[in-house]
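Just below is one structure, and these are the notes that go with it.
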Number of protein chains: 2
Amino acid sequence: MFPKLDPLLHSELRLAVMSILVGVDEADFTYLKKQTGATSGNLSVQIDKLLAAGYITVEKGFKGKMPRTTCKITTAGQEAFEGYVKALKEYIS
Amino acid sequence: MFPKLDPLLHSELRLAVMSILVGVDEADFTYLKKQTGATSGNLSVQIDKLLAAGYITVEKGFKGKMPRTTCKITTAGQEAFEGYVKALKEYIS
DNA sequence: TAATGTAGTTTATATTATAAACTTGTTTAT
DNA sequence: ATAAACAAGTTTATAATATAAACTACATTA
């Protein structure tokens, strides 16, 4: 009756990050931090988890002299997000 | 931008329980266990948390000689559930 | 009356989320 | 030049959570 909710997405911050990433081509660490209001540490950890799951890619470069981390959702990430939304609707509707 | 998700409801099992309870007048422990597929221990703990939050009431009685625990959603619980659904939609739509 | 089943609760453990502290380097003020 | 403040993160420690395993109390069946 109630489908399992992907624990990787059933997390406030990771869900917010994915929610942002599905809507844009890419987003950097600083942008994600501002939009989510998360602390750097928390964001860093959650990005790692999404990366490890293959839901996003992470590229490290420089913007001028400053380090810059850019995140992008993968196809697997998009599918997982859609699946999560679908599952969730069984609970809330 | 992203509203806070009530941590009491942002839990797979508690959400399933609340999801059931919003749709019915009342439900007993055994029914909730069957519908959610949860273990007794987990269900017992999560019911306690919903009770402590004032989201449900719990009545203990007997059905014949067997103990019977009946759960019912409260007004506060209904409101919290609605609020949670509303907040969640900011993330998934 | 011994074994099995029902309806839970309590407690222990494993996982998670989160913040605090730290690192590395840059920019600004003195 | 160098000290102070800032930027962009990472690592580590702690607190909270979810979950299952073990247990209790009683009922039913063999």
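Naming works like this for the structure tokens: A, B, ... for the chains as they're shown, residue 1 at the start of each chain, ligands 1 onward in shown order.
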Using every C-alpha atom paired in order, could you least-squares fit chain A onto chain B and give me the moved chain as a JSON list (two decimals) with C-alpha atoms, in the first residue's frame?
```json
[["chain", "number", "residue", "atom", "x", "y", "z"],
["A", 1, "MET", "CA", 12.18, 29.85, -0.04],
["A", 2, "PHE", "CA", 11.97, 26.27, 1.26],
["A", 3, "PRO", "CA", 9.66, 26.05, 4.26],
["A", 4, "LYS", "CA", 10.65, 23.90, 7.20],
["A", 5, "LEU", "CA", 9.21, 20.40, 7.18],
["A", 6, "ASP", "CA", 7.67, 19.34, 10.49],
["A", 7, "PRO", "CA", 10.12, 16.65, 11.61],
["A", 8, "LEU", "CA", 7.35, 14.78, 13.36],
["A", 9, "LEU", "CA", 5.63, 14.18, 10.08],
["A", 10, "HIS", "CA", 8.72, 13.89, 7.93],
["A", 11, "SER", "CA", 9.14, 10.25, 8.85],
["A", 12, "GLU", "CA", 8.04, 7.42, 6.64],
["A", 13, "LEU", "CA", 6.11, 5.47, 9.24],
["A", 14, "ARG", "CA", 4.59, 8.40, 11.11],
["A", 15, "LEU", "CA", 3.50, 9.91, 7.81],
["A", 16, "ALA", "CA", 1.88, 6.64, 6.76],
["A", 17, "VAL", "CA", 0.05, 6.43, 10.08],
["A", 18, "MET", "CA", -1.19, 9.99, 9.79],
["A", 19, "SER", "CA", -2.12, 9.43, 6.18],
["A", 20, "ILE", "CA", -4.34, 6.55, 7.27],
["A", 21, "LEU", "CA", -5.79, 8.44, 10.21],
["A", 22, "VAL", "CA", -6.83, 11.50, 8.22],
["A", 23, "GLY", "CA", -9.03, 9.26, 6.11],
["A", 24, "VAL", "CA", -10.83, 7.29, 8.80],
["A", 25, "ASP", "CA", -12.64, 7.93, 12.04],
["A", 26, "GLU", "CA", -10.27, 5.71, 14.01],
["A", 27, "ALA", "CA", -7.87, 2.84, 13.54],
["A", 28, "ASP", "CA", -6.44, 0.29, 15.94],
["A", 29, "PHE", "CA", -2.85, -0.80, 16.39],
["A", 30, "THR", "CA", -3.28, -4.06, 14.52],
["A", 31, "TYR", "CA", -4.88, -2.37, 11.56],
["A", 32, "LEU", "CA", -2.14, 0.25, 11.38],
["A", 33, "LYS", "CA", 0.45, -2.46, 11.61],
["A", 34, "LYS", "CA", -1.05, -4.38, 8.72],
["A", 35, "GLN", "CA", -1.55, -1.35, 6.52],
["A", 36, "THR", "CA", 1.92, 0.04, 7.08],
["A", 37, "GLY", "CA", 3.81, -3.24, 7.25],
["A", 38, "ALA", "CA", 5.71, -1.88, 10.23],
["A", 39, "THR", "CA", 7.09, -3.94, 13.08],
["A", 40, "SER", "CA", 5.21, -3.67, 16.37],
["A", 41, "GLY", "CA", 8.09, -2.00, 18.12],
["A", 42, "ASN", "CA", 8.55, 0.66, 15.52],
["A", 43, "LEU", "CA", 4.83, 1.34, 15.35],
["A", 44, "SER", "CA", 4.57, 1.55, 19.12],
["A", 45, "VAL", "CA", 7.35, 4.11, 19.32],
["A", 46, "GLN", "CA", 6.02, 6.24, 16.48],
["A", 47, "ILE", "CA", 2.49, 6.22, 17.90],
["A", 48, "ASP", "CA", 3.92, 7.46, 21.18],
["A", 49, "LYS", "CA", 5.60, 10.33, 19.40],
["A", 50, "LEU", "CA", 2.44, 11.33, 17.58],
["A", 51, "LEU", "CA", 0.59, 11.13, 20.87],
["A", 52, "ALA", "CA", 3.19, 13.23, 22.68],
["A", 53, "ALA", "CA", 2.89, 15.85, 19.93],
["A", 54, "GLY", "CA", -0.86, 15.95, 20.39],
["A", 55, "TYR", "CA", -1.41, 14.84, 16.82],
["A", 56, "ILE", "CA", -3.40, 11.76, 17.79],
["A", 57, "THR", "CA", -5.27, 10.36, 20.76],
["A", 58, "VAL", "CA", -4.74, 6.80, 21.93],
["A", 59, "GLU", "CA", -7.32, 4.77, 23.80],
["A", 60, "LYS", "CA", -6.63, 1.42, 25.36],
["A", 61, "GLY", "CA", -9.47, -1.02, 25.81],
["A", 62, "PHE", "CA", -10.34, -4.63, 25.17],
["A", 63, "LYS", "CA", -11.91, -6.39, 22.25],
["A", 64, "GLY", "CA", -13.24, -9.45, 24.04],
["A", 65, "LYS", "CA", -10.31, -10.46, 26.21],
["A", 66, "MET", "CA", -7.66, -9.08, 23.93],
["A", 67, "PRO", "CA", -6.06, -5.68, 24.46],
["A", 68, "ARG", "CA", -6.87, -3.15, 21.85],
["A", 69, "THR", "CA", -5.30, 0.23, 21.16],
["A", 70, "THR", "CA", -7.32, 2.70, 19.17],
["A", 71, "CYS", "CA", -5.84, 5.77, 17.52],
["A", 72, "LYS", "CA", -7.62, 8.84, 16.32],
["A", 73, "ILE", "CA", -6.29, 12.00, 14.72],
["A", 74, "THR", "CA", -6.81, 15.30, 16.57],
["A", 75, "THR", "CA", -7.59, 18.69, 15.08],
["A", 76, "ALA", "CA", -4.01, 19.72, 15.70],
["A", 77, "GLY", "CA", -2.92, 16.59, 13.88],
["A", 78, "GLN", "CA", -5.09, 17.38, 10.91],
["A", 79, "GLU", "CA", -3.75, 20.91, 10.75],
["A", 80, "ALA", "CA", -0.18, 19.71, 11.03],
["A", 81, "PHE", "CA", -0.73, 17.20, 8.27],
["A", 82, "GLU", "CA", -2.21, 19.83, 5.98],
["A", 83, "GLY", "CA", 0.65, 22.18, 6.77],
["A", 84, "TYR", "CA", 3.17, 19.48, 6.04],
["A", 85, "VAL", "CA", 1.57, 18.65, 2.69],
["A", 86, "LYS", "CA", 1.52, 22.30, 1.77],
["A", 87, "ALA", "CA", 5.18, 22.76, 2.71],
["A", 88, "LEU", "CA", 6.19, 19.64, 0.87],
["A", 89, "LYS", "CA", 4.64, 20.89, -2.32],
["A", 90, "GLU", "CA", 7.14, 23.72, -2.34],
["A", 91, "TYR", "CA", 9.83, 21.09, -2.68],
["A", 92, "ILE", "CA", 8.30, 18.81, -5.22],
["A", 93, "SER", "CA", 6.49, 21.08, -7.64]]
```
For this session: Using only C-alpha atoms (C1' of nucleotides), determine which residues lie at most 10 Å from DA14 of chain C, disregarding the query and same-chain residues fewer than 5 positions distant; provide the list as a VMD selection string.
Result: chain D and resid 18 to 20
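Residue-level contact on chain D: within 8 Å of chain A, counting only C-alpha atoms (C1' of nucleotides), the set is DA7, DA8, DG9 and DT10 of chain D.
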Preceding selection exported with C-alpha atoms (C1' of nucleotides) as a compact mmCIF listing (two decimals), in the first residue's frame:
```
# COMPACT_ATOMS: atom_id res chain seq x y z
C1' DA D 7 35.19 33.08 1.28
C1' DA D 8 34.53 28.44 0.22
C1' DG D 9 34.54 24.57 1.66
C1' DT D 10 35.85 19.86 4.57
```
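Neighbours of DT17 of chain D closer than or equal to 9 Å, with only C-alpha atoms (C1' of nucleotides) counted and sequence neighbours fewer than 2 positions away skipped, come out as C:DT15, C:DT16, C:DA17.
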Per residue of chain C within 9 Å of chain A, what are the shortest atom pair and its distance in Å to one decimal, counting only C-alpha atoms (C1' of nucleotides), with rows by chain and residue number, as CSV?
```
residue,atom,partner,partner_atom,distance
C:DA17,C1',A:Asn42,CA,8.0
C:DT18,C1',A:Asn42,CA,6.2
C:DA19,C1',A:Gly41,CA,7.6
C:DG25,C1',A:Met66,CA,8.1
C:DT26,C1',A:Met66,CA,7.5
```
Written file, previous selection with N, CA and C atoms (P, O5', C5', C4', C3', O3' and C1' of nucleotides), as a PDB file, in the first residue's frame:
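Everything below was put into again-v2.pdb:
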```
ATOM      1  P    DA C  17      19.571  11.973   6.517  1.00  0.00           P
ATOM      2  O5'  DA C  17      19.723  13.065   7.668  1.00  0.00           O
ATOM      3  C5'  DA C  17      18.729  13.150   8.675  1.00  0.00           C
ATOM      4  C4'  DA C  17      19.058  14.288   9.627  1.00  0.00           C
ATOM      5  C3'  DA C  17      19.379  15.615   8.963  1.00  0.00           C
ATOM      6  O3'  DA C  17      18.655  16.592   9.693  1.00  0.00           O
ATOM      7  C1'  DA C  17      21.173  14.962  10.381  1.00  0.00           C
ATOM      8  P    DT C  18      18.650  18.151   9.230  1.00  0.00           P
ATOM      9  O5'  DT C  18      19.888  18.727  10.061  1.00  0.00           O
ATOM     10  C5'  DT C  18      19.835  18.642  11.491  1.00  0.00           C
ATOM     11  C4'  DT C  18      21.127  19.145  12.079  1.00  0.00           C
ATOM     12  C3'  DT C  18      21.689  20.398  11.412  1.00  0.00           C
ATOM     13  O3'  DT C  18      21.398  21.476  12.288  1.00  0.00           O
ATOM     14  C1'  DT C  18      23.399  18.829  11.994  1.00  0.00           C
ATOM     15  P    DA C  19      21.948  23.002  12.004  1.00  0.00           P
ATOM     16  O5'  DA C  19      23.213  23.105  12.976  1.00  0.00           O
ATOM     17  C5'  DA C  19      23.137  22.496  14.268  1.00  0.00           C
ATOM     18  C4'  DA C  19      24.495  22.484  14.925  1.00  0.00           C
ATOM     19  C3'  DA C  19      25.263  23.790  14.814  1.00  0.00           C
ATOM     20  O3'  DA C  19      25.954  23.937  16.050  1.00  0.00           O
ATOM     21  C1'  DA C  19      26.543  22.063  13.867  1.00  0.00           C
ATOM     22  P    DG C  25      46.450  26.166  -0.116  1.00  0.00           P
ATOM     23  O5'  DG C  25      45.967  27.634  -0.516  1.00  0.00           O
ATOM     24  C5'  DG C  25      44.839  27.725  -1.393  1.00  0.00           C
ATOM     25  C4'  DG C  25      44.087  28.987  -1.112  1.00  0.00           C
ATOM     26  C3'  DG C  25      44.865  30.281  -1.414  1.00  0.00           C
ATOM     27  O3'  DG C  25      44.293  30.870  -2.566  1.00  0.00           O
ATOM     28  C1'  DG C  25      43.491  30.463   0.502  1.00  0.00           C
ATOM     29  P    DT C  26      44.889  32.179  -3.218  1.00  0.00           P
ATOM     30  O5'  DT C  26      43.812  33.290  -2.801  1.00  0.00           O
ATOM     31  C5'  DT C  26      42.423  33.056  -3.026  1.00  0.00           C
ATOM     32  C4'  DT C  26      41.636  34.261  -2.523  1.00  0.00           C
ATOM     33  C3'  DT C  26      42.197  35.609  -2.982  1.00  0.00           C
ATOM     34  O3'  DT C  26      41.107  36.407  -3.443  1.00  0.00           O
ATOM     35  C1'  DT C  26      41.946  35.601  -0.636  1.00  0.00           C
TER      36       DT C  26
END
```
Exercise. What lies within 10 Å of segment 3-5 of chain C using only C-alpha atoms (C1' of nucleotides), ignoring chain neighbours under 3 positions off, as a ChimeraX atom specification?
Worked result: /D:27-30
Exercise. What are the DSSP helix (DSSP H, G or I) residues of chain A, as number ranges by chain?
Worked result: A: 12-23, 29-36, 40-52, 75-92
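What separates atom C1' of DA16 of chain D from atom C1' of DT13 of chain C is a distance of 13.9 Å.
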